[in-house]
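The structure appears right after this line, and notes come after that.
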Amino acid sequence: METERHGNPKYNRLFVKTYLSFAAITAVFAILLGVLYMRMYENATIENFESELTKRAERISLKCSDYFVVQHMEEAIEDWREYVISVVEEGTEFWSVSNPDAKNPLNEYLAVGLDLSVLSTEYVEVAQLAFEGETEIRTEYSKYHDCTVVTVGVPVRGYNGEVAGAILLNAPVETQREIVASSWSMILASGMVALLVAFALAIPFARNLTKPIGTMRSTALRLAAGDYEAKTGVVSQDEIGELASTIDFLADKLAENEIERKNIEQMRFDFFANVSHELRTPITVVRAYAESLVDGMVRDEEQAQQYYLRMLSECQSMERLVGDLLLLSKMQNPEFMVEKEPVNLQQVFHDLKRTAKAIADEKNIEIVVKQPVMPCTMLADYGRLRQMFLVIVDNAIKFSYENSSVYITLEETANSIRVTIRDEGVGISEEELPNIFEKFYKSKLRQNAKGSGLGLSIARQICWKHDGTIEVESKQGEGTTFIFTFPKMEELNAC
């Protein structure tokens with residue numbers, strides 16, 4: 001059934017189709033070219049025959065004029081007739097006809113052949129045109145000869161250029177067509193040889209055309225099987241080369257996507273592992289305290305109250321973790337868009353400084369804000385922007401030494417807004433710096449003991465949602481600097 005539907009697989013191969021198409025086109029072209037050539041050859045042969053017959057008649061006409069004007073004696077007549085016999089080929093009819101309307105027509109010795117009155121109509125017409133001084137050539141079917149003949153009429157000039165008569169030559173065309181027909185065998189033989197050579201040359205041509213396609217097919221099958229290292233290896237400056245380059249580009253993209261997929265899979269695995277780890281500890285603590293209270297192991301009211309407070313603290317910790325996870329999941333959704341409106345950054349940092357002051361006072365840390373006098377405005381979500389900067393400032397205070405400072409600098413350039421938050425704390429090691437924005441990543445410092453490891457990931461997502469960039473510069477023992485860059489409101493409107 002499959003064979004009936006698709007035909008013979010052997011004849012469905014691209015190589016066979018290409019070869020047969022080339023062969024068919026070549027054969028049709030050769031036949032058309034042969035027919036056209038033969039037609040042109042036949043016409044050229046007839047035209048050459050007509051031209052040669054006309055030239056012969058003109059030479060006879062000139063000779064006849066010489067005998068008529070200069071040597072019109074009777075003794076020259078034999079020379080004239082011998083000349084005619086030598087010039088006129090076998091199979092060609094010759095007449096020299098006297099012009100009855102001339103003052104001095106050709107004499108009876110120079111007029112050779114039949115009288116004008118006994119000639120057929122078509123010959124009389126040719127003779128009449130010659131008497132008028134014109135050279136006439138006619139190729140037409142003759143009932144008398146039962147074939148196509150060429151008739152040429154040339155005037156004979158006498159005294160004072162008068163037309164004294166006419167030379168008529170009549171020859172059948174069939175002889176020329178026999179010559180053309182005899183050439184057919186040679187043309188057909190050479191055409192067959194040319195076709196055989198063309199068909200032989202078509203084999204490597206078709207193979208060179210189809211081989212890269214076969215290579216690309218096998219490469220595509222390897223890609224479909226998951227071998228993303230497969231390459232076509234086809235180099236060609238044409239459409240086939242472009243297709244091969246596209247397949248190689250696709251292979252590179254598939255390889256990149258496979259690596260990205262594995263990374264995402266690993267991140268997903270790490271995410272669930274981290275969530276499990278982060279939730280296991282507080283759940284274990286809550287369960288342990290709850291079991292102790294239920295079993296009546298804690299009888300002291302003050303100790304029981306401590307258990308309740310610890311359970312409440314662990315629940316609050318889990319609540320913050322779940323809230324951060326939900327927020328991060330929402331921010332990572334490409335379809336989630338923050339609601340932006342014009343926001344005065346000076347107001348954001350004024351609010352931020354007031355909020356962070358209570359935490360900073362515990363370590364006697366001064367928050368220094370440097371900003372321009374004129375309002376600096378950008379399109380943003382006020383709450384999200386405040387949350388992002390608060391994460392950075394909170395970390396800066398957490399990892400700073402006592403009696404130090406945290407510097408917040410706001411600068412406005414021609415095309416952007418730049419915010420720098422710098423502390424004088426412990427800094428981040430060179431090994432840890434590339435990982436600080438990863439989910440659940442926490443350094444081993446004691447200051448990170450109570451953190452969820454999601455703050456910087458959330459801050460980066462908020463920054464991206466505001467079309468901004470975030471960079472980090474840090475040196476261990478010398479502090480850390482976070483640099484935010486946002487487009488100005490005018491640039492956003494232009495976009």
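Residues are named by chain letter and number: chains run A, B, ... in the order of the structure tokens, numbers start at 1 in each chain, and ligands are numbered from 1 in the order shown.
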
Run DSSP on the backbone and grab whatever in range 66-271 of chain A lands in strand (DSSP E); send it over as a VMD selection string. chain A and resid 93 to 98 136 to 142 147 to 157 163 to 172

Near range 217-220 of chain A, counting only C-alpha atoms, which residues have an atom at most 7 Å away, once you skip same-chain residues fewer than 4 positions from it, shown as a list in words?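 Near range 217-220 of chain A, the qualifying residues are Ile213, Ala224, Ala230, Lys231 and Thr232 of chain A.
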
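The nearest approach to Ser21 in chain A among the residues A:Phe199, A:Asp467, A:Lys488, A:Glu42, with only C-alpha atoms taken into account, belongs to A:Phe199.
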
In Å, how far is it from CA of Met489 in chain A to CA of Ile462 in chain A?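 Atom-to-atom, CA of Met489 in chain A to CA of Ile462 in chain A, that is 17.1 Å.
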
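Distance-wise, CA of Thr377 in chain A and CA of Glu341 in chain A end up 9.7 Å apart.
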
Find the distance between CA of Ala164 in chain A and CA of Phe49 in chain A and write it in Å to one decimal. 26.7 Å

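For the residues A:Lys398, A:Arg287, A:Lys340, A:Arg280, ranking by smallest atom-to-atom distance to Met318 in chain A using only C-alpha atoms places A:Arg280 first.
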